[in-house]
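Right, one structure below, let's go through it.
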Amino acid sequence: MEHLIHVLQTDRSDSEIIGYALDTLYNIISNDEEEEVEENSTRQSEDLGSQFTEIFIKQQENVTLLLSLLEEFDFHVRWPGVKLLTSLLKQLGPQVQQIILVSPMGVSRLMDLLADSREVIRNDGVLLLQALTRSNGAIQKIVAFENAFERLLDIISEEGNSDGGIVVEDCLILLQNLLKNNNSNQNFFKEGSYIQRMKPWFEVGDENSGWSAQKVTNLHLMLQLVRVLVSPTNPPGATSSCQKAMFQCGLLQQLCTILMATGVPADILTETINTVSEVIRGYQVNQDYFASVNAPSNPPRPAIVVLLMSMVNERQPFVLRCAVLYCFQCFLYKNQKGQGEIVSTLLPSTIDATGNSVSAGQLLCGGLFSTDSLSNWCAAVALAHALQENATQKEQLLRVQLATSIGNPPVSLLQQCTNILSQGSKIQTRVGLLMLLCTWLSNCPIAVTHFLHNSANVPFLTGQIAENLGEEEQLVQGLCALLLGISIYFNDNSLESYKKEKLKQLIEKRIGKENFIEKLGFISKHELYSRASQKPQPNFPSPEYMIFDHEFTKLVKELEGVITKAIYKSSEEDKKEEEVKKTLEQHDNIVTHYKNMIREQDLQLEELKQQVSTLKCQNEQLQTAVTQQVSQIQQHKDQYNLLKIQLGKDNQHQGSYSEGAQMNGVQPEEIGRLREEIEELKNNQELLQSKLTEKDSVIENLKSSQTSGTNEQSSAIVSARDSEQVAELKQELATLKSQLNSQSVEITKLQTEKQELLQKTEVFAKSVEVQGETETVIATKTTDVEGRLSALLQETKELKNEIKALSEERTAIKEQLDSSNSTIAILQTEKDKLELEITDSKKEQDDLLVLLADQDQKILSLKNKLKDLGHPVEEEDELESGDQEDEDDESEDPGKDLDHI
């Protein structure tokens, strides 16, 4: 070996001898030709190969020499060099990896092999990188950053993607090495948009018959590569970002197409289901899409229903059924919307009465109560996942009623589960149902109350736990203990006979606390418990190993210690704990309240910050405007000074006014404006004076009206007298009415007398002798009565007329009273308005006087400025004095006016 290494060192120029030396070393170290030899001799040759490798790599320079030889383009040097290095890595991988890692540009030299135009060297280069990147994160990162993903994906597409040969398989294995358990490389793969380049791998044609073994292998590795990127063991953020990318580029849609396609080999279909499971797991958008996928059947059925049909079908392969269960679990993982949709298919209102379509809920119930124990277990676990961390659906599931047999009343799903448990079915079925019940009752006091309401349940559980059964039954005993513990811990004491304290006493009497805790511990000590707790995927070698669900192991871990404490706690401690819970809830409410307040304040702060920023911008703009104006003023001043110098002293007196007009470019306009304002103010003052005189006249009128108001009051007194007269008239009227009544009574009497007399005249008319006398007597009497009657009727008419006149007078007096009252009220309001107007006018006058004073002050200050600037103001003074005289003429004594106001 020393001589061979010496040849490599000294004869670099002779490529042929170096090629032979490398081939010889490769034959010494490798064990490729020993496949047909017996096992013992193979082991010896392996040991021999590793010994030679150890001798070769003892001097690290030998490996660096080999790396330098790989730079040679000559085929006779490069190819045996690649094979030799690959063999060294196979024999003692970690040691050789470390040497290559520390050698300068070691990995980069090997990356050049992928770009070699000769396919043999390129393909062997892929195998070399496979061995180099195995279980070494540092080398994996270097290879990835040396553009390995781009080159490998190019090779896969050149070779025909899934239809390619073994080279595609080797490239996929290398990609797996680079990405598996390497978060940095996974992120780099996603950020480099390489996920999008995976989509063509899964474009499977309609003709799916006759798949080659190589194609199956390639597609299997491709699916595994997708799973590497979305594995549940990856950081949640990285997984969700990859899931998002897979949906956006259409990769998930492509996988669902394969899932629903016909003629796909069973192992590819199984792996596709597992891949879809992990692509949708815990990512709401992908879960929603999967819920909308339909199988190409007539009528179209949801993909979930089609998959569940496979899960509860005994004739389907075990691995496929496990994959479907995993897919269903991933669909429901952190998906409350999906959980609600599944549970709703079991509720009475949503069940299809026609029976044309089978729902997911019906399939789960069918699997739960079928004769196949594996279907029972899968259905129970699937239903438990529909309730995971969802109190609403736990309560909704209590409404589910099942028709067990014709003629019998329907039974609740909870009751049916406990009935099957008590019938003593297979262990797998009982374990599945107990896991379902434990998940259902945990964190749901209403479900606990429903469970305890059936008086047979607690005795059944205590009976199961108390018995001394074999090892097989110990797991069921442990789960029964867990269920009873949940019934105690989540008990709201609403049932008098099954309160927390009573159940604890029952455990102490029937089982014993220590024995109960020991039975509870059987669950976590079971050999299959630790296996299920490792990965979410239900991956079992055979159906009998299918005992525990991954999510259930988390629940056991969470509740075991809590239930143990609850069993040993006294009633006083329970009360204290409840009080603490209440206070914690109150505290949480307060915290949430304050959080909301803080959110609102944050929003207000943001708004205020925005306002401040806008105000700052405005301020800056104004500042720039001010600086511009200041610079303009300065320019005007400079111009003024120049003009002053140019005009000279001779023109100073003549141009004084014009200079004053040009000074600062603003002053004469201001003076003119001020004069106009003074004129306006004077006019306003005159108007106000005239208004004041009008108001004074109005006040005088009011005063007179007040005097008239006194007259009105006197008229009111008169009206009061009138009302007295009215009262007197009323009395007179009443007396007249009484007289009229008495007269009417008399009239009626006289009428009756008249009737009697007429009757008598008829009777006595028959006698002739006394006829003349009677007629005269009757005639005289009747005439008297008629006269009296007419007189009385006349009197009544007169009385009625008098009453009518009096009532008319009374109404007229009332109207007068009302009108006088309304006029008084109107006058009073007018008086108040006028008083307010007077006060307002006084205020206006005061304001005007203040304004005048301010204007005078301004004019004085302007004059002073003019004087300071050297401008004579004699004419202004004269004008001012003239204005002053005019003001004096108008009002000789302003003090008087003020007094008047």
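Each chain in the structure tokens gets a letter, A, B, ..., in the order shown, and its residues are numbered from 1; ligands are numbered from 1 in order too.
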Gly282 of chain A environment, 10 Å, only C-alpha atoms, sequence neighbours closer than 5 positions dropped, as a ChimeraX atom specification: /A:232,236,239-240,243,277,287,329-335
The selected residues should be written to file as a short mmCIF file (atom, residue, chain, number, x, y, z; two decimals), in the first residue's frame (atoms: C-alpha atoms).
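That gives us result.cif:
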```cif
data_model
loop_
_atom_site.label_atom_id
_atom_site.label_comp_id
_atom_site.auth_asym_id
_atom_site.auth_seq_id
_atom_site.Cartn_x
_atom_site.Cartn_y
_atom_site.Cartn_z
CA PRO A 232 -44.79 16.38 12.08
CA PRO A 236 -44.32 23.92 13.15
CA THR A 239 -43.91 22.70 8.14
CA SER A 240 -46.78 25.16 7.67
CA GLN A 243 -47.69 23.10 3.29
CA SER A 277 -52.19 13.27 5.43
CA GLN A 287 -57.75 20.72 5.23
CA GLN A 329 -56.67 12.05 12.00
CA CYS A 330 -54.58 14.60 10.10
CA PHE A 331 -57.72 16.09 8.54
CA LEU A 332 -59.20 16.65 12.02
CA TYR A 333 -55.95 17.77 13.70
CA LYS A 334 -56.49 21.35 15.00
CA ASN A 335 -59.46 21.62 12.63
#
```
Surrounding residues of Lys180 of chain A excluding itself and chain neighbours under 5 positions, 9 Å, only C-alpha atoms, as a count of residues only: 6
Which residue of A:Met111, A:Ile139, A:Val264, A:Val431 approaches Pro94 of chain A most closely, using only C-alpha atoms: A:Ile139
Within 9 Å of Leu89 of chain A using only C-alpha atoms, minus same-chain residues under 5 positions, as a list of chain:residue names: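 The filter keeps A:Leu84, A:Pro94, A:Gln95, A:Val96, A:Gln97, A:Leu128, A:Ala131, A:Leu132.
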Writer output for current selection, N, CA and C atoms, as an mmCIF file, in the first residue's frame:
```cif
data_model
loop_
_atom_site.group_PDB
_atom_site.id
_atom_site.type_symbol
_atom_site.label_atom_id
_atom_site.label_comp_id
_atom_site.auth_asym_id
_atom_site.auth_seq_id
_atom_site.Cartn_x
_atom_site.Cartn_y
_atom_site.Cartn_z
ATOM 1 N N LEU A 84 -12.928 4.646 -5.465
ATOM 2 C CA LEU A 84 -12.105 4.414 -4.270
ATOM 3 C C LEU A 84 -12.620 5.244 -3.093
ATOM 4 N N PRO A 94 -17.837 8.031 9.058
ATOM 5 C CA PRO A 94 -17.654 9.223 9.904
ATOM 6 C C PRO A 94 -16.225 9.768 9.894
ATOM 7 N N GLN A 95 -15.202 8.844 9.948
ATOM 8 C CA GLN A 95 -13.805 9.290 9.978
ATOM 9 C C GLN A 95 -13.415 9.981 8.660
ATOM 10 N N VAL A 96 -13.816 9.344 7.534
ATOM 11 C CA VAL A 96 -13.489 9.925 6.216
ATOM 12 C C VAL A 96 -14.224 11.262 6.024
ATOM 13 N N GLN A 97 -15.484 11.333 6.475
ATOM 14 C CA GLN A 97 -16.260 12.587 6.387
ATOM 15 C C GLN A 97 -15.541 13.726 7.105
ATOM 16 N N LEU A 128 -21.297 8.676 -4.552
ATOM 17 C CA LEU A 128 -20.256 9.182 -3.650
ATOM 18 C C LEU A 128 -20.855 10.216 -2.690
ATOM 19 N N ALA A 131 -22.993 8.665 0.096
ATOM 20 C CA ALA A 131 -22.187 8.155 1.218
ATOM 21 C C ALA A 131 -21.598 9.301 2.030
ATOM 22 N N LEU A 132 -21.222 10.401 1.341
ATOM 23 C CA LEU A 132 -20.599 11.544 2.023
ATOM 24 C C LEU A 132 -21.585 12.282 2.922
#
```
Residues near Leu22 of chain A, cut-off 12 Å, only C-alpha atoms, skip fewer than 4 positions along chain, as a PyMOL selection string: chain A and resi 1+3-9+12+15-18+26-30+62+65-66+69-70+76-85+87
Contact residues around Asn161 of chain A with only C-alpha atoms at 10 Å, ignoring same-chain residues under 4 positions, as a ChimeraX atom specification: /A:153-157,165,168-169,198,200-203,215,218-219,222
Ile517 of chain A surroundings by only C-alpha atoms, 9 Å radius, close-in-sequence under 6 positions cut, as an mmCIF file with N, CA, C and O atoms, in the first residue's frame:
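Final output, saved to result04.cif:
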```cif
data_model
loop_
_atom_site.group_PDB
_atom_site.id
_atom_site.type_symbol
_atom_site.label_atom_id
_atom_site.label_comp_id
_atom_site.auth_asym_id
_atom_site.auth_seq_id
_atom_site.Cartn_x
_atom_site.Cartn_y
_atom_site.Cartn_z
ATOM 1 N N GLY A 478 -56.713 -0.774 33.645
ATOM 2 C CA GLY A 478 -56.088 0.554 33.733
ATOM 3 C C GLY A 478 -56.940 1.623 33.063
ATOM 4 O O GLY A 478 -57.114 2.732 33.592
ATOM 5 N N ALA A 481 -59.930 2.389 35.145
ATOM 6 C CA ALA A 481 -59.519 3.263 36.253
ATOM 7 C C ALA A 481 -59.386 4.713 35.767
ATOM 8 O O ALA A 481 -59.799 5.654 36.454
ATOM 9 N N GLU A 560 -52.884 11.469 34.187
ATOM 10 C CA GLU A 560 -52.475 10.459 35.188
ATOM 11 C C GLU A 560 -52.150 11.106 36.535
ATOM 12 O O GLU A 560 -52.677 10.727 37.580
ATOM 13 N N ILE A 563 -55.289 12.940 38.173
ATOM 14 C CA ILE A 563 -56.271 12.020 38.790
ATOM 15 C C ILE A 563 -55.718 11.455 40.097
ATOM 16 O O ILE A 563 -56.455 11.333 41.093
ATOM 17 N N THR A 564 -54.430 11.128 40.111
ATOM 18 C CA THR A 564 -53.791 10.613 41.347
ATOM 19 C C THR A 564 -53.954 11.622 42.481
ATOM 20 O O THR A 564 -54.335 11.262 43.613
ATOM 21 N N ILE A 567 -57.636 11.804 43.686
ATOM 22 C CA ILE A 567 -58.076 10.664 44.512
ATOM 23 C C ILE A 567 -57.652 10.858 45.973
ATOM 24 O O ILE A 567 -58.407 10.555 46.905
#
```
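Residues with any atom within 9 Å of Arg510 of chain A, counting only C-alpha atoms and excluding same-chain neighbours fewer than 2 positions away, are Thr462, Gly463, Ala466, Gln505, Leu506, Ile507, Glu508 and Gly512 of chain A.
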Mind writing the picked residues with C-alpha atoms as a compact mmCIF listing (two decimals), in the first residue's frame?
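Once written, part.txt looks like this:
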```txt
# COMPACT_ATOMS: atom_id res chain seq x y z
CA THR A 462 -65.46 -0.57 39.96
CA GLY A 463 -66.14 -4.28 39.34
CA ALA A 466 -61.40 -4.56 41.66
CA GLN A 505 -65.46 6.78 49.21
CA LEU A 506 -66.69 4.07 46.82
CA ILE A 507 -63.14 3.62 45.44
CA GLU A 508 -61.73 3.41 48.98
CA GLY A 512 -58.59 0.83 47.76
```
A:Lys199, A:Arg227, A:Lys554, A:His526 ranked by distance to Gln248 of chain A, top pick (using only C-alpha atoms):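 Closest residue, counting only C-alpha atoms: A:Lys199.
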Per-residue DSSP, segment 54-222 of chain A, filtered to alpha helix (DSSP H), as a count of residues only: 116
Option closest in space to Arg281 of chain A, from A:Pro410, A:Pro104, A:Gly648, A:Gly338 [counting only C-alpha atoms]: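 Comparing A:Pro410, A:Pro104, A:Gly648, A:Gly338 against Arg281 of chain A, the winner is A:Gly338.
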Å distance separating atom CA of Lys90 of chain A from atom CA of Asn234 of chain A, one decimal place: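 Rounded to one decimal, the two atoms are 28.5 Å apart.
Interatomic distance, atom CA of Arg134 of chain A to atom CA of Thr275 of chain A: 23.4 Å.
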